[in-house]
$ cat my_file21.txt   # compact mmCIF, C-alpha atoms
# COMPACT_ATOMS: atom_id res chain seq x y z
CA MET A 1 17.56 1.85 24.39
CA GLU A 2 16.89 -1.41 26.18
CA GLY A 3 18.83 -3.08 28.92
CA PRO A 4 21.21 -5.92 28.23
CA SER A 5 18.60 -8.41 29.45
CA ALA A 6 16.32 -7.80 26.45
CA ASP A 7 16.80 -10.75 24.15
CA ARG A 8 17.75 -10.17 20.55
CA GLU A 9 14.55 -11.24 18.89
CA SER A 10 12.40 -8.91 20.94
CA ARG A 11 14.29 -5.94 19.62
CA LEU A 12 13.58 -6.62 15.97
CA SER A 13 11.34 -3.74 14.90
CA ARG A 14 8.92 -3.66 11.98
CA ALA A 15 11.31 -1.31 10.23
CA ALA A 16 14.15 -3.79 10.71
CA ALA A 17 11.93 -6.61 9.44
CA HIS A 18 11.20 -4.48 6.38
CA ARG A 19 14.92 -4.00 5.75
CA LEU A 20 15.54 -7.73 6.19
CA SER A 21 12.93 -8.32 3.45
CA LEU A 22 14.88 -6.02 1.15
CA TYR A 23 18.19 -7.69 1.97
CA LEU A 24 16.62 -11.07 1.29
CA ARG A 25 15.36 -9.95 -2.13
CA CYS A 26 18.82 -8.68 -3.12
CA VAL A 27 20.71 -11.73 -1.97
CA SER A 28 18.17 -14.08 -3.60
CA ASN A 29 18.51 -12.25 -6.93
CA TRP A 30 22.28 -12.34 -7.04
CA PRO A 31 24.13 -15.20 -8.66
CA ALA A 32 26.08 -17.01 -5.96
CA ASN A 33 29.51 -15.43 -6.07
CA GLY A 34 31.56 -18.13 -4.41
CA GLY A 35 28.68 -18.21 -1.92
CA LYS A 36 29.71 -14.94 -0.21
CA VAL A 37 28.05 -11.55 -0.01
CA SER A 38 29.34 -8.42 1.70
CA SER A 39 27.34 -6.03 3.84
CA GLY A 40 28.60 -3.20 1.63
CA ARG A 41 27.12 -4.75 -1.49
CA ILE A 42 23.76 -5.27 0.22
CA ALA A 43 23.86 -1.71 1.59
CA ALA A 44 24.52 -0.23 -1.85
CA ALA A 45 21.71 -2.24 -3.46
CA VAL A 46 19.11 -1.37 -0.83
CA GLY A 47 20.23 2.20 -0.20
CA VAL A 48 21.07 2.07 3.51
CA THR A 49 24.43 2.39 5.24
CA ASP A 50 26.87 -0.45 5.57
CA ALA A 51 26.68 -0.04 9.36
CA GLN A 52 22.90 -0.46 9.29
CA VAL A 53 23.17 -3.74 7.36
CA ARG A 54 25.80 -5.05 9.77
CA ARG A 55 23.71 -4.04 12.79
CA ASP A 56 20.54 -5.65 11.37
CA LEU A 57 22.33 -8.87 10.51
CA ALA A 58 24.18 -8.98 13.84
CA ALA A 59 20.75 -9.15 15.50
CA LEU A 60 20.20 -12.49 13.76
CA GLY A 61 23.17 -14.14 15.48
CA HIS A 62 26.75 -14.89 14.50
CA LEU A 63 26.65 -14.84 10.75
CA GLY A 64 29.43 -13.00 8.98
CA GLN A 65 33.20 -12.90 9.30
CA ARG A 66 35.10 -9.64 9.23
CA GLY A 67 36.70 -9.13 5.83
CA ILE A 68 35.09 -12.24 4.35
CA GLY A 69 31.41 -11.41 4.37
CA TYR A 70 28.32 -13.53 4.79
CA GLU A 71 27.67 -17.00 3.50
CA ALA A 72 24.75 -16.34 1.12
CA ARG A 73 22.91 -19.56 1.90
CA GLU A 74 23.30 -19.17 5.65
CA LEU A 75 22.25 -15.52 5.47
CA THR A 76 19.14 -16.33 3.42
CA ALA A 77 18.12 -19.05 5.89
CA ALA A 78 18.68 -16.78 8.90
CA ILE A 79 16.59 -13.96 7.41
CA ARG A 80 13.80 -16.32 6.35
CA SER A 81 13.75 -17.75 9.85
CA ALA A 82 13.67 -14.31 11.51
CA LEU A 83 10.83 -13.21 9.24
CA GLY A 84 8.86 -16.40 9.77
CA ILE A 85 8.88 -17.48 6.13
CA ASN A 86 10.91 -20.66 6.62
CA ARG A 87 7.58 -22.50 6.65
CA THR A 88 4.28 -22.57 4.74
CA TRP A 89 1.39 -20.25 5.61
CA ARG A 90 -2.11 -21.23 4.58
CA ALA A 91 -4.40 -18.32 3.78
CA VAL A 92 -7.98 -17.75 2.71
CA LEU A 93 -8.85 -14.92 0.34
CA VAL A 94 -12.11 -13.04 0.81
CA GLY A 95 -13.56 -10.88 -1.99
CA VAL A 96 -12.78 -12.30 -5.45
CA GLY A 97 -12.58 -9.27 -7.76
CA ASN A 98 -9.84 -8.05 -10.10
CA LEU A 99 -7.42 -7.37 -7.28
CA ALA A 100 -7.89 -10.89 -5.91
CA ARG A 101 -7.30 -12.36 -9.36
CA ALA A 102 -4.14 -10.30 -9.69
CA LEU A 103 -2.98 -11.51 -6.28
CA LEU A 104 -3.73 -15.13 -7.15
CA ARG A 105 -1.44 -14.85 -10.17
CA TYR A 106 1.22 -13.10 -8.17
CA GLN A 107 4.31 -15.31 -8.11
CA GLY A 108 5.52 -13.86 -4.85
CA PHE A 109 2.80 -15.51 -2.79
CA ARG A 110 3.94 -19.04 -3.46
CA ALA A 111 7.63 -18.13 -3.57
CA GLN A 112 7.41 -16.77 -0.01
CA GLY A 113 5.59 -19.85 1.27
CA PHE A 114 2.05 -18.45 1.19
CA THR A 115 -0.62 -20.76 -0.17
CA ILE A 116 -4.16 -19.60 -0.84
CA VAL A 117 -6.34 -22.53 0.24
CA GLY A 118 -9.82 -21.02 -0.05
CA LEU A 119 -11.72 -18.29 -1.94
CA PHE A 120 -14.82 -16.59 -0.54
CA ASP A 121 -17.24 -14.03 -1.90
CA SER A 122 -20.69 -12.79 -0.95
CA ASP A 123 -21.85 -12.33 -4.57
CA PRO A 124 -24.20 -15.27 -5.31
CA SER A 125 -23.35 -15.11 -9.03
CA LYS A 126 -19.70 -15.93 -8.28
CA LEU A 127 -20.34 -18.94 -6.04
CA GLY A 128 -19.04 -22.20 -7.43
CA GLN A 129 -16.86 -20.45 -10.05
CA LEU A 130 -13.43 -21.99 -10.43
CA VAL A 131 -10.41 -19.68 -10.12
CA GLY A 132 -7.30 -21.72 -10.68
CA ASP A 133 -7.86 -24.88 -8.63
CA LEU A 134 -10.26 -23.28 -6.17
CA LYS A 135 -14.03 -22.95 -6.17
CA ILE A 136 -15.48 -19.71 -4.78
CA GLU A 137 -17.43 -20.36 -1.57
CA PRO A 138 -19.93 -18.14 0.24
CA VAL A 139 -18.68 -15.76 2.93
CA SER A 140 -21.28 -17.32 5.24
CA ALA A 141 -19.23 -20.55 5.16
CA LEU A 142 -16.06 -18.82 6.42
CA ALA A 143 -16.64 -19.48 10.12
CA GLU A 144 -16.69 -23.21 9.52
CA ARG A 145 -14.25 -23.50 6.61
CA VAL A 146 -11.29 -21.61 8.09
CA SER A 147 -10.47 -24.40 10.52
CA VAL A 148 -11.29 -27.18 8.03
CA LEU A 149 -8.84 -25.58 5.57
CA GLY A 150 -6.23 -25.08 8.27
CA ALA A 151 -5.87 -21.41 7.34
CA GLU A 152 -3.95 -19.13 9.69
CA LEU A 153 -3.97 -16.01 7.54
CA ALA A 154 -6.53 -14.14 5.47
CA VAL A 155 -6.22 -11.77 2.53
CA LEU A 156 -9.05 -9.25 2.53
CA THR A 157 -10.01 -7.74 -0.83
CA VAL A 158 -13.60 -6.75 -0.05
CA PRO A 159 -15.15 -3.26 -0.24
CA GLY A 160 -14.33 -0.98 2.68
CA ASP A 161 -17.83 -0.94 4.14
CA VAL A 162 -17.94 -4.70 4.79
CA ALA A 163 -14.28 -5.16 5.74
CA GLN A 164 -14.78 -4.93 9.50
CA SER A 165 -17.64 -7.43 9.61
CA VAL A 166 -15.67 -9.93 7.50
CA ALA A 167 -12.62 -9.36 9.72
CA ASP A 168 -14.79 -10.10 12.78
CA VAL A 169 -15.90 -13.42 11.26
CA LEU A 170 -12.29 -14.28 10.37
CA THR A 171 -10.92 -13.56 13.81
CA ALA A 172 -13.79 -15.45 15.47
CA ALA A 173 -12.87 -18.37 13.19
CA GLY A 174 -9.30 -18.33 14.51
CA ILE A 175 -7.40 -16.41 11.82
CA ARG A 176 -4.13 -15.09 13.27
CA GLY A 177 -3.25 -12.43 10.73
CA ILE A 178 -4.95 -10.37 8.03
CA LEU A 179 -3.45 -8.77 4.93
CA ASN A 180 -5.99 -6.01 4.35
CA PHE A 181 -6.44 -4.32 0.97
CA ALA A 182 -9.84 -2.85 1.85
CA PRO A 183 -9.83 0.93 2.37
CA ALA A 184 -10.83 0.70 6.03
CA VAL A 185 -9.12 1.04 9.39
CA LEU A 186 -9.78 -2.38 10.97
CA ARG A 187 -9.98 -3.08 14.69
CA LEU A 188 -8.82 -6.56 15.57
CA PRO A 189 -8.65 -8.32 18.92
CA PRO A 190 -5.25 -8.52 20.65
CA GLY A 191 -3.11 -11.28 19.21
CA VAL A 192 -4.48 -10.97 15.68
CA GLN A 193 -2.00 -9.25 13.41
CA LEU A 194 -2.80 -6.77 10.69
CA VAL A 195 -0.89 -5.50 7.69
CA THR A 196 -2.80 -2.97 5.60
CA VAL A 197 -1.99 -2.19 1.99
CA ASP A 198 -3.88 1.05 1.60
CA LEU A 199 -3.57 2.31 -1.95
CA SER A 200 -5.01 5.73 -1.26
CA ILE A 201 -2.36 6.25 1.42
CA GLN A 202 0.37 5.17 -0.99
CA LEU A 203 -0.98 7.60 -3.55
CA GLU A 204 -1.02 10.38 -0.99
CA GLN A 205 2.55 9.56 -0.01
CA LEU A 206 3.61 9.86 -3.63
CA ALA A 207 1.81 13.20 -4.05
CA PHE A 208 3.39 14.39 -0.82
CA LEU A 209 6.89 13.40 -1.97
CA VAL A 210 6.52 14.93 -5.42
CA GLN A 211 5.02 18.14 -4.05
CA ASN A 212 7.79 18.53 -1.48
CA GLY A 213 10.60 17.48 -3.75
CA GLY A 214 11.63 14.63 -1.47
CA SER A 215 14.92 16.15 -0.47
CA ARG A 216 13.66 17.80 2.68
CA ILE A 217 11.72 14.77 3.89
CA THR A 218 13.06 12.38 6.46
CA ASP A 219 12.09 8.72 6.55
CA ASP A 220 11.81 8.59 10.27
CA ASP A 221 9.98 10.73 12.68
CA MET B 222 16.67 17.42 16.42
CA GLU B 223 16.70 20.44 14.12
CA GLY B 224 17.41 24.02 14.98
CA PRO B 225 14.68 26.59 15.39
CA SER B 226 15.37 27.93 11.92
CA ALA B 227 14.02 24.79 10.25
CA ASP B 228 10.64 25.69 8.83
CA ARG B 229 7.60 23.62 9.67
CA GLU B 230 7.06 22.03 6.31
CA SER B 231 10.57 20.73 6.06
CA ARG B 232 10.08 18.74 9.23
CA LEU B 233 7.08 16.78 8.02
CA SER B 234 8.38 13.22 7.81
CA ARG B 235 7.04 10.38 5.69
CA ALA B 236 5.73 8.79 8.87
CA ALA B 237 3.90 12.01 9.74
CA ALA B 238 2.50 12.20 6.21
CA HIS B 239 1.27 8.63 6.65
CA ARG B 240 -0.49 9.57 9.88
CA LEU B 241 -2.03 12.63 8.23
CA SER B 242 -3.49 10.30 5.59
CA LEU B 243 -5.08 8.22 8.33
CA TYR B 244 -6.48 11.30 10.09
CA LEU B 245 -7.90 12.51 6.79
CA ARG B 246 -9.66 9.20 6.19
CA CYS B 247 -11.25 9.27 9.65
CA VAL B 248 -12.43 12.84 9.47
CA SER B 249 -13.78 12.37 5.92
CA ASN B 250 -15.77 9.31 7.01
CA TRP B 251 -17.40 10.98 10.00
CA PRO B 252 -20.69 12.77 9.67
CA ALA B 253 -20.06 16.44 10.39
CA ASN B 254 -20.83 16.79 14.09
CA GLY B 255 -21.51 20.50 14.28
CA GLY B 256 -18.39 20.75 12.09
CA LYS B 257 -16.00 19.98 14.98
CA VAL B 258 -13.66 17.07 15.64
CA SER B 259 -11.41 16.51 18.64
CA SER B 260 -7.83 15.28 18.60
CA GLY B 261 -8.89 12.61 21.11
CA ARG B 262 -11.47 11.16 18.76
CA ILE B 263 -9.00 11.05 15.87
CA ALA B 264 -6.37 9.50 18.14
CA ALA B 265 -8.74 6.75 19.29
CA ALA B 266 -9.82 5.95 15.73
CA VAL B 267 -6.29 5.76 14.34
CA GLY B 268 -4.65 4.19 17.38
CA VAL B 269 -2.05 6.82 18.26
CA THR B 270 -1.84 9.10 21.27
CA ASP B 271 -3.79 12.30 21.61
CA ALA B 272 -0.49 14.17 21.99
CA GLN B 273 0.76 12.75 18.68
CA VAL B 274 -2.34 13.96 16.84
CA ARG B 275 -2.03 17.41 18.36
CA ARG B 276 1.68 17.58 17.49
CA ASP B 277 1.07 16.48 13.90
CA LEU B 278 -1.75 18.95 13.39
CA ALA B 279 0.15 21.78 15.07
CA ALA B 280 2.76 21.38 12.32
CA LEU B 281 0.09 22.38 9.78
CA GLY B 282 -0.44 25.80 11.33
CA HIS B 283 -2.94 27.31 13.73
CA LEU B 284 -5.91 25.00 13.39
CA GLY B 285 -7.66 23.96 16.60
CA GLN B 286 -8.81 25.73 19.71
CA ARG B 287 -8.17 24.29 23.15
CA GLY B 288 -11.32 22.63 24.49
CA ILE B 289 -13.24 23.19 21.27
CA GLY B 290 -11.43 21.00 18.77
CA TYR B 291 -10.80 21.36 15.07
CA GLU B 292 -13.13 22.67 12.41
CA ALA B 293 -13.59 19.55 10.25
CA ARG B 294 -13.64 21.38 6.93
CA GLU B 295 -10.60 23.50 7.75
CA LEU B 296 -8.73 20.43 9.04
CA THR B 297 -9.50 18.44 5.89
CA ALA B 298 -8.31 21.28 3.67
CA ALA B 299 -5.10 21.75 5.69
CA ILE B 300 -4.24 18.04 5.54
CA ARG B 301 -5.02 17.80 1.82
CA SER B 302 -2.82 20.81 1.20
CA ALA B 303 0.06 19.41 3.29
CA LEU B 304 -0.15 16.09 1.45
CA GLY B 305 -0.36 17.72 -1.96
CA ILE B 306 -3.78 16.30 -2.84
CA ASN B 307 -5.59 19.64 -3.04
CA ARG B 308 -5.08 19.46 -6.79
CA THR B 309 -5.35 16.94 -9.63
CA TRP B 310 -2.50 14.60 -10.55
CA ARG B 311 -2.40 13.12 -14.03
CA ALA B 312 -0.84 9.68 -14.23
CA VAL B 313 -0.05 7.07 -16.86
CA LEU B 314 -0.37 3.38 -16.08
CA VAL B 315 2.13 0.94 -17.57
CA GLY B 316 1.39 -2.81 -17.68
CA VAL B 317 -2.33 -3.52 -18.14
CA GLY B 318 -2.95 -6.83 -16.36
CA ASN B 319 -5.37 -7.84 -13.60
CA LEU B 320 -3.72 -5.59 -11.05
CA ALA B 321 -3.99 -2.60 -13.38
CA ARG B 322 -7.67 -3.36 -14.01
CA ALA B 323 -8.26 -3.56 -10.29
CA LEU B 324 -6.49 -0.23 -9.82
CA LEU B 325 -8.50 1.39 -12.61
CA ARG B 326 -11.73 0.43 -10.82
CA TYR B 327 -10.37 1.61 -7.50
CA GLN B 328 -12.54 4.49 -6.32
CA GLY B 329 -9.76 5.96 -4.22
CA PHE B 330 -7.74 7.07 -7.24
CA ARG B 331 -10.26 9.60 -8.45
CA ALA B 332 -11.41 10.52 -4.94
CA GLN B 333 -7.86 11.58 -4.07
CA GLY B 334 -7.47 13.61 -7.24
CA PHE B 335 -5.51 11.08 -9.29
CA THR B 336 -6.59 10.67 -12.89
CA ILE B 337 -5.23 7.93 -15.11
CA VAL B 338 -4.80 9.60 -18.49
CA GLY B 339 -3.00 6.87 -20.44
CA LEU B 340 -2.57 3.08 -20.53
CA PHE B 341 0.51 1.38 -21.93
CA ASP B 342 1.50 -2.23 -22.49
CA SER B 343 4.17 -4.03 -24.49
CA ASP B 344 1.92 -6.98 -25.41
CA PRO B 345 0.93 -6.43 -29.09
CA SER B 346 -2.34 -8.36 -28.58
CA LYS B 347 -3.50 -5.76 -26.06
CA LEU B 348 -2.79 -2.68 -28.18
CA GLY B 349 -5.86 -0.68 -29.12
CA GLN B 350 -8.06 -2.46 -26.54
CA LEU B 351 -10.38 -0.13 -24.68
CA VAL B 352 -10.28 -0.22 -20.88
CA GLY B 353 -12.89 2.21 -19.60
CA ASP B 354 -12.40 5.31 -21.76
CA LEU B 355 -8.77 4.63 -22.57
CA LYS B 356 -7.13 2.75 -25.41
CA ILE B 357 -4.03 0.71 -24.60
CA GLU B 358 -0.95 2.18 -26.33
CA PRO B 359 2.48 0.64 -26.93
CA VAL B 360 5.21 1.15 -24.33
CA SER B 361 7.39 2.41 -27.19
CA ALA B 362 5.09 5.46 -27.41
CA LEU B 363 5.65 6.43 -23.77
CA ALA B 364 8.55 8.81 -24.33
CA GLU B 365 6.44 10.96 -26.61
CA ARG B 366 2.99 10.52 -25.02
CA VAL B 367 3.87 11.41 -21.40
CA SER B 368 4.27 15.09 -22.20
CA VAL B 369 1.36 15.16 -24.66
CA LEU B 370 -0.88 13.71 -21.93
CA GLY B 371 0.50 16.11 -19.33
CA ALA B 372 1.23 13.21 -16.97
CA GLU B 373 3.40 13.89 -13.92
CA LEU B 374 3.04 10.48 -12.25
CA ALA B 375 3.21 6.87 -13.38
CA VAL B 376 1.77 3.68 -11.97
CA LEU B 377 3.99 0.72 -12.76
CA THR B 378 2.34 -2.71 -12.90
CA VAL B 379 4.80 -4.49 -15.16
CA PRO B 380 6.80 -7.65 -14.40
CA GLY B 381 9.84 -7.14 -12.21
CA ASP B 382 12.41 -7.86 -14.91
CA VAL B 383 11.31 -4.97 -17.14
CA ALA B 384 10.43 -2.49 -14.39
CA GLN B 385 13.78 -0.67 -14.39
CA SER B 386 13.87 -0.15 -18.16
CA VAL B 387 10.29 1.18 -18.17
CA ALA B 388 11.14 3.43 -15.22
CA ASP B 389 14.12 4.77 -17.18
CA VAL B 390 11.86 5.66 -20.12
CA LEU B 391 9.35 7.30 -17.77
CA THR B 392 11.91 9.44 -16.00
CA ALA B 393 13.52 10.44 -19.30
CA ALA B 394 10.03 11.51 -20.43
CA GLY B 395 9.73 13.82 -17.42
CA ILE B 396 7.66 11.76 -14.96
CA ARG B 397 8.14 13.16 -11.43
CA GLY B 398 6.91 10.24 -9.34
CA ILE B 399 6.32 6.50 -9.72
CA LEU B 400 3.96 4.26 -7.79
CA ASN B 401 5.69 0.93 -8.28
CA PHE B 402 3.91 -2.40 -7.89
CA ALA B 403 6.60 -4.38 -9.71
CA PRO B 404 8.69 -6.63 -7.47
CA ALA B 405 11.93 -4.77 -8.15
CA VAL B 406 14.14 -2.29 -6.33
CA LEU B 407 14.14 0.66 -8.74
CA ARG B 408 16.91 3.23 -9.07
CA LEU B 409 15.61 6.64 -10.09
CA PRO B 410 17.47 9.88 -10.74
CA PRO B 411 17.44 12.54 -7.99
CA GLY B 412 14.20 14.50 -7.96
CA VAL B 413 12.04 11.61 -9.15
CA GLN B 414 10.00 10.20 -6.28
CA LEU B 415 9.22 6.56 -5.69
CA VAL B 416 6.62 4.77 -3.61
CA THR B 417 6.81 1.00 -3.82
CA VAL B 418 3.94 -1.29 -2.94
CA ASP B 419 5.79 -4.55 -2.60
CA LEU B 420 3.36 -7.35 -1.86
CA SER B 421 6.00 -9.90 -0.95
CA ILE B 422 7.34 -7.52 1.68
CA GLN B 423 3.84 -6.97 3.08
CA LEU B 424 3.38 -10.73 3.23
CA GLU B 425 6.70 -11.12 5.02
CA GLN B 426 5.71 -8.42 7.50
CA LEU B 427 2.51 -10.28 8.25
CA ALA B 428 4.34 -13.59 8.73
CA PHE B 429 6.85 -11.81 10.94
CA LEU B 430 4.13 -10.26 13.09
CA VAL B 431 2.16 -13.50 13.44
CA GLN B 432 5.26 -15.52 14.23
CA ASN B 433 6.40 -13.06 16.86
CA GLY B 434 3.00 -12.43 18.36
CA GLY B 435 3.23 -8.71 17.69
CA SER B 436 3.42 -7.73 21.33
CA ARG B 437 7.18 -7.52 21.45
CA ILE B 438 7.56 -5.60 18.21
CA THR B 439 8.07 -1.87 18.05
CA ASP B 440 6.92 0.22 15.12
CA ASP B 441 9.98 2.37 15.10
CA ASP B 442 13.58 1.48 15.03
$ encode --input "my_file21.txt" --output "structure tokens"
Amino acid sequence: MEGPSADRESRLSRAAAHRLSLYLRCVSNWPANGGKVSSGRIAAAVGVTDAQVRRDLAALGHLGQRGIGYEARELTAAIRSALGINRTWRAVLVGVGNLARALLRYQGFRAQGFTIVGLFDSDPSKLGQLVGDLKIEPVSALAERVSVLGAELAVLTVPGDVAQSVADVLTAAGIRGILNFAPAVLRLPPGVQLVTVDLSIQLEQLAFLVQNGGSRITDDD
Amino acid sequence: MEGPSADRESRLSRAAAHRLSLYLRCVSNWPANGGKVSSGRIAAAVGVTDAQVRRDLAALGHLGQRGIGYEARELTAAIRSALGINRTWRAVLVGVGNLARALLRYQGFRAQGFTIVGLFDSDPSKLGQLVGDLKIEPVSALAERVSVLGAELAVLTVPGDVAQSVADVLTAAGIRGILNFAPAVLRLPPGVQLVTVDLSIQLEQLAFLVQNGGSRITDDD
């Protein structure tokens, strides 16, 4: 769709980034088989076409060799670099309920280079409580603490009705991206990124798929 | 892309279903303003174009009137019907940890017509524990209990390494759809629907967006 002058990175869509995440999971889970993996094996595991895998991986640069496949270690490093997880991300977590506690125990956070460096809640009875190594601090301290903690990202697990006001404080404090679990459509200033995990939407998607039998539904639009 | 013989419903994509969920949330949250809502207002709230909203809603049948807008109640009912949430869905939940407890308290489940009717865990120390009104039952009882409970859906919050075997039991027991939180790529028989909420992928998406500044990234492929 774009002219030849568009550089490769700029053409990586969210959908492609999502597929790269899936490829990464597969390759990471496989025992190194002489260090090589084929696009066909990745395609079969993820459920996309071989051509799609080759196209996605070609966008990352010169990686594979025809008939030989991809060097697993090189492929992993290239995907991690494209996704931005070849580094550590420091994040604060706001709203320390059951979901937050589940997230704090979630192995994937640390494995992907995400470190929770601060916990915040507006409930006075929770303040000072230790969760893991971290003491719960008041939401009113966020503005000041975000920069002290060196946090770039925030995980939002607050009720929907306060999500926007907390997001405003976070973005004013310099947060660059928010992983939002609150059931609210957030408006963020340009340059601040948002990924929303909206459980009611996931539930509705499942109901929709079951009701319609799945077979007649396309993934794209 | 499809011929004129394709019926409307069959052309509703997952992406369109996702947008309908967002429209539904907006309209439900707004105080009834004489009972009317405009496509422009929905578009602005969700962040898509007015034309997209009108196209999506046109696929649901004859709903709005030019210059007058949509009847809020009629619109809500049409979207709920298209998504399959104009009824109750009974679901079992397998793996009763922090995430499960957070989900059980999540208001959105009941609000969207999803009722958790059974809790299952393989940890013997949890068996018989009451969570809300429900007693935790052994995973080994699933095969028999799914039909007794009349459950059509399952929520999977087990560790990744046992997710596939639990999913196999669930599908053998007649479950029609799985909401999977386990970090695993599940393979289900045809006709069984899957929605995966993969937190490590959401995290990677956020890192990807922050690293790339968002502006050069397209939503589609």
$ closest_atom_pairs --input "my_file21.txt" --of "chain A" --to "chain B" --cutoff "8 Å" --atoms "all atoms listed in the file" --output "Markdown table"
| residue | atom | partner | partner_atom | distance |
| --- | --- | --- | --- | --- |
| A:Ser10 | CA | B:Arg437 | CA | 5.4 |
| A:Arg11 | CA | B:Ile438 | CA | 6.9 |
| A:Leu12 | CA | B:Ile438 | CA | 6.5 |
| A:Ser13 | CA | B:Thr439 | CA | 4.9 |
| A:Arg14 | CA | B:Asp440 | CA | 5.4 |
| A:Ala15 | CA | B:Asp442 | CA | 6.0 |
| A:Ala16 | CA | B:Asp442 | CA | 6.8 |
| A:Ala17 | CA | B:Gln426 | CA | 6.8 |
| A:His18 | CA | B:Ile422 | CA | 6.8 |
| A:Ser21 | CA | B:Ile422 | CA | 5.9 |
| A:Leu22 | CA | B:Ile422 | CA | 7.7 |
| A:Val46 | CA | B:Val406 | CA | 7.5 |
| A:Ala82 | CA | B:Phe429 | CA | 7.3 |
| A:Leu83 | CA | B:Phe429 | CA | 4.5 |
| A:Gly84 | CA | B:Phe429 | CA | 5.1 |
| A:Ile85 | CA | B:Ala428 | CA | 6.5 |
| A:Trp89 | CA | B:Ala428 | CA | 7.9 |
| A:Gly97 | CA | B:Ala323 | CA | 7.6 |
| A:Asn98 | CA | B:Ala323 | CA | 4.8 |
| A:Leu99 | CA | B:Ala323 | CA | 4.9 |
| A:Arg101 | CA | B:Asn319 | CA | 6.5 |
| A:Ala102 | CA | B:Asn319 | CA | 4.8 |
| A:Leu103 | CA | B:Leu320 | CA | 7.6 |
| A:Gly108 | CA | B:Ser421 | CA | 5.6 |
| A:Phe109 | CA | B:Ser421 | CA | 6.7 |
| A:Gln112 | CA | B:Ser421 | CA | 7.1 |
| A:Arg176 | CA | B:Val431 | CA | 6.5 |
| A:Gly177 | CA | B:Val431 | CA | 6.1 |
| A:Ile178 | CA | B:Leu427 | CA | 7.5 |
| A:Leu179 | CA | B:Leu427 | CA | 7.0 |
| A:Val185 | CA | B:Val267 | CA | 7.4 |
| A:Gly191 | CA | B:Gly434 | CA | 6.3 |
| A:Val192 | CA | B:Val431 | CA | 7.5 |
| A:Gln193 | CA | B:Val431 | CA | 5.9 |
| A:Leu194 | CA | B:Leu427 | CA | 6.8 |
| A:Val195 | CA | B:Leu427 | CA | 5.9 |
| A:Val197 | CA | B:Gln423 | CA | 7.6 |
| A:Leu199 | CA | B:Gly329 | CA | 7.5 |
| A:Ser200 | CA | B:Gly329 | CA | 5.6 |
| A:Ile201 | CA | B:Ser242 | CA | 5.9 |
| A:Gln202 | CA | B:Val416 | CA | 6.8 |
| A:Leu203 | CA | B:Leu400 | CA | 7.3 |
| A:Glu204 | CA | B:Leu304 | CA | 6.3 |
| A:Gln205 | CA | B:Ala238 | CA | 6.8 |
| A:Leu206 | CA | B:Val416 | CA | 5.9 |
| A:Ala207 | CA | B:Gly305 | CA | 5.4 |
| A:Phe208 | CA | B:Leu304 | CA | 4.5 |
| A:Leu209 | CA | B:Gln414 | CA | 6.2 |
| A:Val210 | CA | B:Gln414 | CA | 5.9 |
| A:Gln211 | CA | B:Gly305 | CA | 5.8 |
| A:Gly213 | CA | B:Gly412 | CA | 6.3 |
| A:Gly214 | CA | B:Gln414 | CA | 6.7 |
| A:Ser215 | CA | B:Gly412 | CA | 7.7 |
| A:Arg216 | CA | B:Ser231 | CA | 5.4 |
| A:Ile217 | CA | B:Ser234 | CA | 5.4 |
| A:Thr218 | CA | B:Ser234 | CA | 4.9 |
| A:Asp219 | CA | B:Arg235 | CA | 5.4 |
| A:Asp220 | CA | B:Ala236 | CA | 6.2 |
| A:Asp221 | CA | B:Ser234 | CA | 5.7 |
$ residues_around --input "my_file21.txt" --residues "Val383 in chain B" --least-positions-apart "2" --cutoff "12 Å" --atoms "only C-alpha atoms" --output "JSON, numbers by chain"
{"B": [315, 316, 342, 343, 360, 377, 378, 379, 380, 381, 385, 386, 387, 388, 389, 390, 403, 404, 405, 406, 407]}
$ write_last_selection --input "my_file21.txt" --atoms "C-alpha atoms" --output "compact mmCIF listing (two decimals), in the coordinates of the input"
# COMPACT_ATOMS: atom_id res chain seq x y z
CA VAL B 315 2.13 0.94 -17.57
CA GLY B 316 1.39 -2.81 -17.68
CA ASP B 342 1.50 -2.23 -22.49
CA SER B 343 4.17 -4.03 -24.49
CA VAL B 360 5.21 1.15 -24.33
CA LEU B 377 3.99 0.72 -12.76
CA THR B 378 2.34 -2.71 -12.90
CA VAL B 379 4.80 -4.49 -15.16
CA PRO B 380 6.80 -7.65 -14.40
CA GLY B 381 9.84 -7.14 -12.21
CA GLN B 385 13.78 -0.67 -14.39
CA SER B 386 13.87 -0.15 -18.16
CA VAL B 387 10.29 1.18 -18.17
CA ALA B 388 11.14 3.43 -15.22
CA ASP B 389 14.12 4.77 -17.18
CA VAL B 390 11.86 5.66 -20.12
CA ALA B 403 6.60 -4.38 -9.71
CA PRO B 404 8.69 -6.63 -7.47
CA ALA B 405 11.93 -4.77 -8.15
CA VAL B 406 14.14 -2.29 -6.33
CA LEU B 407 14.14 0.66 -8.74
$ axis_aligned_box --input "my_file21.txt" --around "range 364-374 of chain B" --padding-each-side "6 Å" --output "AutoDock Vina command-line options"
--center_x 3.8 --center_y 12.5 --center_z -19.4 --size_x 21.4 --size_y 19.3 --size_z 26.4
$ atom_distance --input "my_file21.txt" --atom1 "CA of Leu149 in chain A" --atom2 "CA of Asp161 in chain A"
26.3 Å
$ atom_distance --input "my_file21.txt" --atom1 "CA of Gly371 in chain B" --atom2 "CA of Phe402 in chain B"
22.0 Å
$ atom_distance --input "my_file21.txt" --atom1 "CA of Thr171 in chain A" --atom2 "CA of Leu127 in chain A"
22.6 Å
$ closest_residue --input "my_file21.txt" --among "B:Ala394, B:Ala375, B:Ile337, B:Ala299" --to "Asp277 in chain B" --atoms "all atoms listed in the file"
B:Ala299
